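Structure file my_file_30.cif with mmCIF, C-alpha atoms:
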```cif
data_data
#
loop_
_atom_site.label_atom_id
_atom_site.label_comp_id
_atom_site.auth_asym_id
_atom_site.auth_seq_id
_atom_site.Cartn_x
_atom_site.Cartn_y
_atom_site.Cartn_z
CA MET A 1348 0.00 0.00 0.00
CA THR A 1349 1.28 3.48 -0.87
CA ASP A 1350 0.81 6.43 1.46
CA ASP A 1351 -1.79 7.86 -0.92
CA GLN A 1352 -4.06 4.89 -0.46
CA ALA A 1353 -6.56 4.84 2.36
CA PRO A 1354 -5.10 3.22 5.52
CA GLN A 1355 -6.96 0.55 7.42
CA PRO A 1356 -6.79 1.76 11.05
CA ALA A 1357 -8.58 -0.44 13.54
CA SER A 1358 -11.24 1.04 15.77
CA ASP A 1359 -12.17 0.01 19.28
CA SER A 1360 -15.16 -1.92 17.98
CA GLY A 1361 -13.14 -3.76 15.36
CA LYS A 1362 -15.41 -2.47 12.58
CA ASP A 1363 -13.83 -0.12 10.11
CA ASN A 1364 -14.38 0.91 6.52
CA GLY A 1365 -10.99 2.46 5.93
CA ASN A 1366 -11.81 5.92 7.20
CA GLY A 1367 -11.33 5.21 10.90
CA ASN A 1368 -14.91 5.96 11.85
CA ASN A 1369 -16.50 2.56 12.48
CA GLY A 1370 -18.30 2.28 9.15
CA THR A 1371 -19.80 5.80 9.21
CA PRO A 1372 -18.62 8.58 6.86
CA ALA A 1373 -15.42 10.31 7.96
CA ILE A 1374 -15.70 13.84 9.35
CA ALA A 1375 -13.98 16.18 6.90
CA ASP A 1376 -13.08 18.98 9.34
CA ASP A 1377 -13.37 20.25 12.89
CA PHE A 1378 -12.52 17.22 15.00
CA VAL A 1379 -9.82 15.63 17.14
CA LEU A 1380 -8.85 12.06 16.28
CA PRO A 1381 -7.23 10.04 19.11
CA PHE A 1382 -4.84 7.26 18.10
CA GLN A 1383 -2.31 4.77 19.44
CA THR A 1384 0.82 3.45 17.77
CA VAL A 1385 0.76 -0.34 17.90
CA ASN A 1386 4.43 -1.35 18.18
CA SER A 1387 5.66 1.53 20.34
CA ASN A 1388 2.40 1.97 22.31
CA ILE A 1389 2.48 5.78 22.17
CA SER A 1390 -0.74 7.77 22.63
CA GLY A 1391 -1.54 10.65 20.33
CA ARG A 1392 -4.19 13.01 19.02
CA ILE A 1393 -4.46 14.86 15.74
CA VAL A 1394 -6.69 17.91 15.22
CA ARG A 1395 -8.09 19.34 11.99
CA LEU A 1396 -9.85 22.72 12.07
CA GLY A 1397 -11.68 24.34 9.16
CA PRO A 1398 -14.99 26.27 9.29
CA SER A 1399 -14.97 26.52 13.10
CA LEU A 1400 -11.58 28.26 13.14
CA ASP A 1401 -12.46 30.38 10.13
CA GLY A 1402 -15.53 31.65 11.98
CA ILE A 1403 -13.59 32.45 15.16
CA LEU A 1404 -10.83 34.39 13.37
CA ASN A 1405 -12.80 36.18 10.65
CA ARG A 1406 -15.39 37.40 13.13
CA HIS A 1407 -12.78 39.89 14.35
CA ASP A 1408 -10.85 40.32 11.08
CA TYR A 1409 -7.53 39.71 12.85
CA PRO A 1410 -4.21 40.54 11.13
CA ASP A 1411 -2.36 37.44 9.91
CA ALA A 1412 0.14 37.43 12.79
CA VAL A 1413 -2.68 37.51 15.35
CA GLY A 1414 -4.76 34.96 13.43
CA GLU A 1415 -1.85 32.55 13.30
CA ALA A 1416 -1.17 32.86 17.03
CA LEU A 1417 -4.82 32.51 18.03
CA GLY A 1418 -5.27 29.67 15.54
CA GLN A 1419 -2.40 27.79 17.18
CA ALA A 1420 -3.98 28.41 20.58
CA VAL A 1421 -7.34 27.05 19.37
CA ALA A 1422 -5.67 23.95 17.89
CA LEU A 1423 -3.66 23.31 21.06
CA THR A 1424 -6.68 23.82 23.33
CA SER A 1425 -8.69 21.41 21.17
CA LEU A 1426 -5.99 18.74 21.48
CA LEU A 1427 -5.89 19.10 25.26
CA GLY A 1428 -9.58 19.65 25.92
CA SER A 1429 -10.63 16.57 23.98
CA ALA A 1430 -8.85 14.46 26.61
CA LEU A 1431 -11.11 15.64 29.45
CA LYS A 1432 -12.92 12.69 31.03
CA PHE A 1433 -15.66 14.80 32.64
CA ASP A 1434 -17.98 17.68 31.82
CA GLY A 1435 -16.26 21.00 32.22
CA ARG A 1436 -14.10 23.65 30.62
CA LEU A 1437 -10.44 23.98 29.67
CA ILE A 1438 -9.20 27.57 29.50
CA MET A 1439 -5.90 28.41 27.83
CA GLN A 1440 -4.65 31.96 28.34
CA THR A 1441 -1.49 33.89 27.61
CA LYS A 1442 -0.64 37.27 29.08
CA THR A 1443 2.54 39.00 27.85
CA ASP A 1444 4.17 42.38 27.33
CA GLY A 1445 4.33 41.82 23.56
CA PRO A 1446 2.12 43.38 20.84
CA LEU A 1447 -0.25 40.44 21.32
CA ASP A 1448 -0.79 40.89 25.02
CA LEU A 1449 -3.73 38.51 25.57
CA LEU A 1450 -4.93 35.22 24.09
CA VAL A 1451 -7.90 33.34 25.55
CA VAL A 1452 -9.39 30.08 24.25
CA ASN A 1453 -12.18 28.09 25.93
CA TYR A 1454 -12.96 24.44 25.26
CA ASP A 1455 -16.31 23.38 26.70
CA THR A 1456 -17.14 19.69 26.65
CA PRO A 1457 -18.05 17.90 24.50
CA GLY A 1458 -16.23 20.10 21.94
CA ASN A 1459 -17.40 23.73 21.84
CA LEU A 1460 -14.74 26.33 21.11
CA ARG A 1461 -14.41 30.07 21.39
CA GLY A 1462 -11.35 32.31 21.28
CA TYR A 1463 -10.30 35.93 21.58
CA ALA A 1464 -7.11 37.97 21.13
CA ASN A 1465 -6.25 41.48 22.31
CA PHE A 1466 -3.37 43.28 20.61
CA ASP A 1467 -1.75 46.65 20.02
CA ALA A 1468 -2.18 47.26 16.28
CA ASN A 1469 0.60 49.89 16.05
CA ARG A 1470 3.18 47.79 17.91
CA LEU A 1471 2.23 44.73 15.92
CA ALA A 1472 2.59 46.57 12.59
CA LYS A 1473 6.08 47.75 13.61
CA GLU A 1474 7.05 44.20 14.58
CA VAL A 1475 5.78 42.81 11.26
CA GLU A 1476 7.67 45.50 9.32
CA ALA A 1477 10.88 44.84 11.25
CA HIS A 1478 10.43 41.14 10.56
CA LYS A 1479 10.12 41.77 6.81
CA ASN A 1480 13.31 43.85 6.78
CA ASN A 1481 15.35 41.28 8.73
CA PRO A 1482 17.20 38.95 6.31
CA ASP A 1483 17.71 36.39 9.10
CA SER A 1484 13.99 35.99 9.80
CA ALA A 1485 12.86 34.29 6.57
CA ASN A 1486 11.79 31.10 8.35
CA LEU A 1487 10.51 32.77 11.51
CA GLN A 1488 7.19 34.34 12.47
CA PRO A 1489 6.86 37.95 13.67
CA ARG A 1490 7.32 38.05 17.44
CA ALA A 1491 3.80 38.84 18.60
CA LEU A 1492 4.12 37.24 22.04
CA GLY A 1493 6.56 38.70 24.54
CA GLN A 1494 7.44 37.90 28.13
CA GLY A 1495 4.67 36.79 30.44
CA TYR A 1496 2.92 33.53 31.20
CA LEU A 1497 0.85 30.70 29.76
CA ALA A 1498 -1.92 29.40 32.01
CA MET A 1499 -3.94 26.20 31.61
CA THR A 1500 -7.08 26.06 33.77
CA ILE A 1501 -9.36 23.04 34.13
CA ASP A 1502 -12.75 24.06 35.52
CA PRO A 1503 -14.96 20.99 36.11
CA ASN A 1504 -18.71 21.23 36.50
CA GLY A 1505 -20.08 20.24 39.89
CA ASP A 1506 -18.10 19.89 43.12
CA MET A 1507 -14.69 19.02 41.69
CA ASP A 1508 -11.81 21.40 42.44
CA ARG A 1509 -10.48 23.79 39.85
CA TYR A 1510 -6.91 23.21 38.67
CA GLN A 1511 -4.47 25.67 37.12
CA GLY A 1512 -0.94 25.24 35.82
CA ILE A 1513 1.22 28.24 34.86
CA VAL A 1514 4.53 28.43 32.99
CA ALA A 1515 6.62 31.42 31.95
CA LEU A 1516 6.56 32.78 28.41
CA GLU A 1517 9.87 34.33 27.44
CA ASN A 1518 9.70 35.57 23.85
CA GLU A 1519 9.05 32.04 22.65
CA THR A 1520 6.44 30.22 20.63
CA LEU A 1521 3.23 28.81 22.03
CA THR A 1522 4.46 25.30 21.20
CA SER A 1523 7.65 25.78 23.21
CA ALA A 1524 5.71 27.09 26.19
CA ALA A 1525 3.26 24.17 26.00
CA LEU A 1526 6.13 21.67 25.98
CA THR A 1527 7.53 23.37 29.08
CA TYR A 1528 4.10 23.10 30.70
CA PHE A 1529 3.95 19.34 30.10
CA ARG A 1530 7.50 18.89 31.34
CA GLN A 1531 6.91 20.82 34.55
CA SER A 1532 3.24 20.15 35.36
CA GLU A 1533 2.57 16.65 34.04
CA GLN A 1534 6.15 15.34 33.63
CA LEU A 1535 5.25 13.48 30.44
CA PRO A 1536 7.50 13.22 27.37
CA THR A 1537 5.48 15.16 24.81
CA PHE A 1538 5.69 16.07 21.12
CA ILE A 1539 3.61 18.93 19.70
CA ARG A 1540 3.42 20.36 16.18
CA LEU A 1541 0.90 23.09 15.26
CA ALA A 1542 0.21 24.68 11.88
CA VAL A 1543 -2.10 27.55 10.88
CA ALA A 1544 -2.56 29.24 7.49
CA ARG A 1545 -5.06 30.78 5.13
CA VAL A 1546 -5.89 28.37 2.31
CA TYR A 1547 -7.64 29.14 -0.95
CA GLU A 1548 -10.73 27.00 -1.46
CA PRO A 1549 -13.32 27.96 -4.07
CA THR A 1550 -16.70 28.25 -2.38
CA PRO A 1551 -18.94 25.35 -3.47
CA ALA A 1552 -22.23 26.15 -5.14
CA GLY A 1553 -24.77 27.15 -2.52
CA GLY A 1554 -22.16 27.10 0.23
CA ASN A 1555 -20.41 29.83 2.17
CA SER A 1556 -17.70 29.81 4.79
CA PRO A 1557 -18.32 32.22 7.70
CA GLY A 1558 -16.39 35.42 7.02
CA SER A 1559 -14.31 33.90 4.19
CA LYS A 1560 -12.65 36.42 1.93
CA ASP A 1561 -12.79 35.54 -1.77
CA GLY A 1562 -12.26 31.87 -1.06
CA TRP A 1563 -9.40 32.34 1.42
CA THR A 1564 -10.21 30.53 4.67
CA TRP A 1565 -8.33 29.90 7.88
CA ARG A 1566 -7.31 26.32 8.59
CA ALA A 1567 -5.29 24.72 11.38
CA GLY A 1568 -3.95 21.34 12.32
CA GLY A 1569 -1.95 19.84 15.12
CA LEU A 1570 -0.28 16.64 16.23
CA LEU A 1571 0.35 15.65 19.85
CA LEU A 1572 2.17 12.58 21.16
CA GLN A 1573 2.63 11.58 24.79
CA HIS A 1574 4.49 8.72 26.40
CA ILE A 1575 3.37 7.45 29.78
CA ALA A 1576 6.30 5.66 31.42
CA HIS A 1577 5.93 2.09 32.67
CA GLU A 1578 5.01 1.71 36.33
CA GLY A 1579 8.02 2.26 38.50
CA GLY A 1580 9.75 4.57 36.04
CA ALA A 1581 11.54 7.58 37.45
CA SER A 1582 13.29 10.69 36.24
CA THR A 1583 17.07 10.59 36.15
CA PRO A 1584 19.04 13.08 38.32
CA GLU A 1585 19.14 16.67 37.14
CA ARG A 1586 22.36 17.87 35.54
CA GLU A 1587 23.48 21.41 36.19
CA GLY A 1588 22.08 23.77 33.58
CA GLU A 1589 20.01 21.06 31.88
CA PRO A 1590 16.30 20.16 32.22
CA ILE A 1591 15.45 17.09 34.25
CA PRO A 1592 15.12 14.06 31.92
CA LEU A 1593 11.66 12.56 32.19
CA ALA A 1594 10.81 8.94 32.82
CA GLY A 1595 10.41 7.23 29.45
CA GLU A 1596 12.16 9.99 27.54
CA ASP A 1597 15.11 7.75 26.73
CA ASP A 1598 12.99 4.74 25.67
CA ASP A 1599 13.84 3.54 22.18
CA ALA A 1600 10.13 3.26 21.32
CA TRP A 1601 9.45 6.88 22.30
CA GLN A 1602 12.50 8.24 20.51
CA ARG A 1603 11.67 6.28 17.37
CA THR A 1604 8.07 7.49 17.30
CA GLU A 1605 9.06 11.07 18.07
CA ILE A 1606 11.49 11.06 15.14
CA LEU A 1607 8.76 9.82 12.81
CA ALA A 1608 6.35 12.50 14.09
CA GLY A 1609 9.02 15.13 13.48
CA THR A 1610 8.88 14.47 9.74
CA VAL A 1611 5.35 15.90 9.46
CA GLU A 1612 5.09 19.04 7.32
CA ASP A 1613 2.91 22.02 8.18
CA HIS A 1614 1.01 21.75 4.91
CA GLU A 1615 0.14 18.13 5.69
CA LEU A 1616 -1.51 19.14 8.96
CA ILE A 1617 -3.87 21.62 7.27
CA ASP A 1618 -4.35 20.06 3.81
CA PRO A 1619 -8.15 19.68 3.30
CA HIS A 1620 -7.51 16.93 0.73
CA LEU A 1621 -5.36 14.79 3.03
CA SER A 1622 -7.36 12.94 5.65
CA PRO A 1623 -5.84 12.65 9.14
CA GLU A 1624 -6.06 8.85 8.85
CA ARG A 1625 -4.00 8.93 5.69
CA LEU A 1626 -1.51 11.31 7.29
CA LEU A 1627 -1.13 9.01 10.31
CA TYR A 1628 -0.39 6.13 7.95
CA ARG A 1629 2.27 8.20 6.19
CA LEU A 1630 3.96 8.98 9.48
CA PHE A 1631 3.60 5.74 11.43
CA HIS A 1632 2.98 2.87 9.00
CA GLU A 1633 6.14 1.18 10.32
CA GLU A 1634 4.71 1.29 13.84
CA GLY A 1635 1.10 0.53 13.00
CA VAL A 1636 -1.70 2.90 14.00
CA ARG A 1637 -5.01 2.27 15.73
CA VAL A 1638 -7.52 5.14 15.77
CA ASN A 1639 -10.50 5.75 18.05
CA ASP A 1640 -13.72 7.63 17.42
CA PRO A 1641 -13.25 11.31 16.52
CA HIS A 1642 -14.32 14.13 18.85
CA PRO A 1643 -16.30 16.74 16.83
CA LEU A 1644 -15.50 20.42 17.40
CA ALA A 1645 -17.76 23.45 16.94
CA ASP A 1646 -17.46 27.24 17.00
CA ARG A 1647 -20.02 27.94 19.71
CA CYS A 1648 -19.99 30.77 22.25
CA THR A 1649 -21.60 30.35 25.67
CA CYS A 1650 -22.74 33.96 26.01
CA SER A 1651 -26.46 34.76 26.37
CA ARG A 1652 -28.66 37.69 27.29
CA GLU A 1653 -29.35 36.07 30.65
CA ARG A 1654 -25.64 35.71 31.47
CA VAL A 1655 -24.83 39.26 30.42
CA GLY A 1656 -27.77 40.48 32.50
CA ARG A 1657 -26.46 38.67 35.58
CA PHE A 1658 -23.04 40.23 34.96
CA LEU A 1659 -24.54 43.73 34.85
CA ARG A 1660 -26.62 43.15 37.96
CA GLY A 1661 -23.39 42.42 39.80
CA PHE A 1662 -22.27 46.04 39.35
CA ALA A 1663 -22.87 48.72 41.92
CA LYS A 1664 -25.19 51.54 40.77
CA SER A 1665 -22.24 53.89 40.28
CA GLY A 1666 -20.58 51.31 38.07
CA LEU A 1667 -23.69 50.93 35.94
CA ASP A 1668 -23.91 54.71 35.57
CA ASP A 1669 -20.46 54.67 33.95
CA LEU A 1670 -21.68 52.13 31.40
CA ARG A 1671 -24.89 53.92 30.40
CA ASN A 1672 -25.33 55.79 27.14
CA GLU A 1673 -26.86 59.27 27.12
CA ASP A 1674 -30.33 57.76 26.71
CA GLY A 1675 -29.82 55.51 29.74
CA THR A 1676 -29.36 52.26 27.79
CA ILE A 1677 -26.40 49.91 28.07
CA ASN A 1678 -24.83 48.14 25.10
CA VAL A 1679 -22.64 45.07 25.69
CA THR A 1680 -20.66 43.22 23.02
CA CYS A 1681 -19.29 39.73 23.66
CA GLU A 1682 -15.54 39.82 23.07
CA PHE A 1683 -15.57 36.22 21.87
CA CYS A 1684 -18.38 36.10 19.31
CA SER A 1685 -19.09 39.85 18.81
CA LYS A 1686 -22.81 39.42 19.53
CA LYS A 1687 -24.40 42.63 20.79
CA TYR A 1688 -26.83 42.87 23.72
CA ASP A 1689 -28.88 45.99 24.39
CA PHE A 1690 -30.46 46.69 27.77
CA GLU A 1691 -33.12 49.37 28.04
CA SER A 1692 -33.03 50.04 31.76
CA GLY A 1693 -29.30 49.67 32.21
CA SER A 1694 -29.84 47.17 35.00
CA GLY A 1695 -29.48 43.95 33.06
CA GLU A 1696 -33.19 43.44 32.60
#
```

If you convert what's in this file into structure tokens, what do you get?
Amino acid sequence: MTDDQAPQPASDSGKDNGNGNNGTPAIADDFVLPFQTVNSNISGRIVRLGPSLDGILNRHDYPDAVGEALGQAVALTSLLGSALKFDGRLIMQTKTDGPLDLLVVNYDTPGNLRGYANFDANRLAKEVEAHKNNPDSANLQPRALGQGYLAMTIDPNGDMDRYQGIVALENETLTSAALTYFRQSEQLPTFIRLAVARVYEPTPAGGNSPGSKDGWTWRAGGLLLQHIAHEGGASTPEREGEPIPLAGEDDDAWQRTEILAGTVEDHELIDPHLSPERLLYRLFHEEGVRVNDPHPLADRCTCSRERVGRFLRGFAKSGLDDLRNEDGTINVTCEFCSKKYDFESGSGE
């Protein structure tokens, strides 16, 4: 079989039609596909984002540098959130002193996404211009993020405790910061590759992508691998000036699978004509791949008139007075989805 032929991944139920979805039609976009390598027994997930990401980014008409950063954040949050074993929310947030000072992405089970970015347009434009004029930056992205932190918050529904992990961001990429998070917080050998780009796709007859511009739509993809060490494994002693090696990091199976994953190209992760199952076969056919059921993703905000009203009612009267228009009304716009809510009395009713 060549890598352009459909692979035959096995599903949990043992029934498969070649698309990895237990005999039902494969989902073309907006899903996370969990998988396991057979020989090396490494767990992984691959994400493919199309219309959902295009809606999130085009709703605010972000510049390319901001769209790429927020797209990576949405892809990463999707990969992590799809692993939640309970109802709840995963919140990924960055706060830095760079032109892109704030990124926020929410993943609400079972797969609802929303994202928002705040940036200084003038500082960002200067950074992009400096990047264009730097001959050494041809293969690098404009430095939108600066120094600050990356926070991952798991907020379960019900009585379970909230959990938050924070790592420093020091003029690095989101991928680098996420790898540091997994090393420090979960102590798992982890591989992450994220890709975001605008892709030209002629709009099909009768169809329309939310906010698409002349056929150019945002797409994203990502690949995550993790190796859980055998019981009894332990980290080796720390060497001065070097990170602590993690249990399982020196396993031949992990190193072999990580090398194979490292051959993935950005265009393969976002190619709408290359199915994730086929891509997994390209990467890991020597190891064997077993896929599970995909987790669908959707661009869906959780805001509502009732929630905004409760938020306004939490203000003191003096605070509400500052929000009122001359005619006494209050207008609120959701930063995530841009939906507008108008309140006549200014009290949230």

Subject >> Residue nearest Asp1401 of chain A among A:Ala1645, A:Met1499, A:Leu1541, A:Ala1468 (counting all atoms listed in the file) >> reply: A:Ala1645

Original post:
Leaving out Pro1410 of chain A and any residue of its chain fewer than 2 positions from it, which residues lie within 10 Å of it when counting only C-alpha atoms, given as a ChimeraX atom specification?
Top reply: /A:1404-1405,1407-1408,1412-1415,1466,1468,1471-1472

Would you output that residue set with C-alpha atoms, as a compact mmCIF listing (two decimals), in the coordinates of the input?
```
# COMPACT_ATOMS: atom_id res chain seq x y z
CA LEU A 1404 -10.83 34.39 13.37
CA ASN A 1405 -12.80 36.18 10.65
CA HIS A 1407 -12.78 39.89 14.35
CA ASP A 1408 -10.85 40.32 11.08
CA ALA A 1412 0.14 37.43 12.79
CA VAL A 1413 -2.68 37.51 15.35
CA GLY A 1414 -4.76 34.96 13.43
CA GLU A 1415 -1.85 32.55 13.30
CA PHE A 1466 -3.37 43.28 20.61
CA ALA A 1468 -2.18 47.26 16.28
CA LEU A 1471 2.23 44.73 15.92
CA ALA A 1472 2.59 46.57 12.59
```

Subject >> Picked residues, the PyMOL selection byres ((chain A and resi 1436-1449) around 6), as a VMD selection string >> reply: chain A and resid 1428 1435 1450 to 1455 1464 to 1467 1470 to 1471 1491 to 1502

Original post:
If you count all atoms listed in the file, which residues fall within 10 Å of Lys1687 of chain A, apart from same-chain ones fewer than 5 positions away, as a VMD selection string?
Top reply: chain A and resid 1651 to 1652 1678 to 1682

Original post:
Suppose you want the space between atom CA of Tyr1409 of chain A and atom CA of Ala1544 of chain A; what is it in Å?
Top reply: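 Atom-to-atom, atom CA of Tyr1409 of chain A to atom CA of Ala1544 of chain A, that is 12.8 Å.
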
**OP:** Could you tell me how far atom CA of Ala1542 of chain A lies from atom CA of Leu1616 of chain A, in Å and to one decimal?
**Re:**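 Distance reported for this atom pair: 6.5 Å.
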
Original post:
What residues come out when you apply the PyMOL selection byres ((chain A and resi 1461) around 8) to this file, written as a PyMOL selection string?
Top reply: chain A and resi 1403+1421+1452-1454+1459-1460+1462-1463+1646-1648+1683-1684

Subject >> Computed interatomic separation between atom CA of Tyr1688 of chain A and atom CA of Ser1665 of chain A (Å) >> reply: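 Spanning atom CA of Tyr1688 of chain A to atom CA of Ser1665 of chain A is a straight-line distance of 20.4 Å.
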
Would you fill the gaps in segment 1518-1527 of chain A so it has all heavy atoms, then print it as a compact mmCIF listing (two decimals), keeping the file's coordinate frame?
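Everything below was put into out.txt:
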```txt
# COMPACT_ATOMS: atom_id res chain seq x y z
N ASN A 1518 9.46 35.31 25.28
CA ASN A 1518 9.70 35.57 23.85
C ASN A 1518 9.82 34.29 23.05
O ASN A 1518 10.69 34.17 22.17
CB ASN A 1518 10.97 36.42 23.68
CG ASN A 1518 10.84 37.79 24.33
OD1 ASN A 1518 9.87 38.50 24.09
ND2 ASN A 1518 11.80 38.15 25.15
N GLU A 1519 8.98 33.32 23.34
CA GLU A 1519 9.05 32.04 22.65
C GLU A 1519 7.71 31.72 22.00
O GLU A 1519 6.75 32.48 22.11
CB GLU A 1519 9.41 30.93 23.65
CG GLU A 1519 8.44 30.82 24.82
CD GLU A 1519 8.90 29.83 25.88
OE1 GLU A 1519 9.53 28.83 25.50
OE2 GLU A 1519 8.64 30.07 27.06
N THR A 1520 7.67 30.60 21.30
CA THR A 1520 6.44 30.22 20.63
C THR A 1520 5.49 29.54 21.61
O THR A 1520 5.89 29.08 22.69
CB THR A 1520 6.73 29.24 19.49
OG1 THR A 1520 7.25 28.01 20.03
CG2 THR A 1520 7.74 29.83 18.50
N LEU A 1521 4.23 29.48 21.20
CA LEU A 1521 3.23 28.81 22.03
C LEU A 1521 3.57 27.33 22.18
O LEU A 1521 3.38 26.75 23.26
CB LEU A 1521 1.86 28.98 21.38
CG LEU A 1521 0.64 28.59 22.21
CD1 LEU A 1521 0.54 29.44 23.45
CD2 LEU A 1521 -0.62 28.72 21.36
N THR A 1522 4.09 26.72 21.13
CA THR A 1522 4.46 25.30 21.20
C THR A 1522 5.55 25.07 22.24
O THR A 1522 5.47 24.13 23.04
CB THR A 1522 4.95 24.81 19.82
OG1 THR A 1522 3.89 24.96 18.87
CG2 THR A 1522 5.36 23.36 19.88
N SER A 1523 6.57 25.93 22.24
CA SER A 1523 7.65 25.78 23.21
C SER A 1523 7.15 25.92 24.64
O SER A 1523 7.53 25.16 25.54
CB SER A 1523 8.75 26.82 22.95
OG SER A 1523 9.32 26.65 21.68
N ALA A 1524 6.26 26.89 24.85
CA ALA A 1524 5.71 27.09 26.19
C ALA A 1524 4.86 25.90 26.61
O ALA A 1524 4.88 25.47 27.78
CB ALA A 1524 4.88 28.37 26.24
N ALA A 1525 4.09 25.33 25.67
CA ALA A 1525 3.26 24.17 26.00
C ALA A 1525 4.12 22.96 26.36
O ALA A 1525 3.79 22.21 27.28
CB ALA A 1525 2.36 23.84 24.82
N LEU A 1526 5.22 22.78 25.65
CA LEU A 1526 6.13 21.67 25.98
C LEU A 1526 6.72 21.85 27.37
O LEU A 1526 6.88 20.88 28.12
CB LEU A 1526 7.24 21.57 24.93
CG LEU A 1526 6.80 21.07 23.55
CD1 LEU A 1526 7.94 21.20 22.55
CD2 LEU A 1526 6.33 19.62 23.62
N THR A 1527 7.04 23.09 27.73
CA THR A 1527 7.53 23.37 29.08
C THR A 1527 6.46 23.05 30.10
O THR A 1527 6.74 22.50 31.18
CB THR A 1527 7.96 24.84 29.20
OG1 THR A 1527 8.99 25.12 28.24
CG2 THR A 1527 8.47 25.14 30.60
```
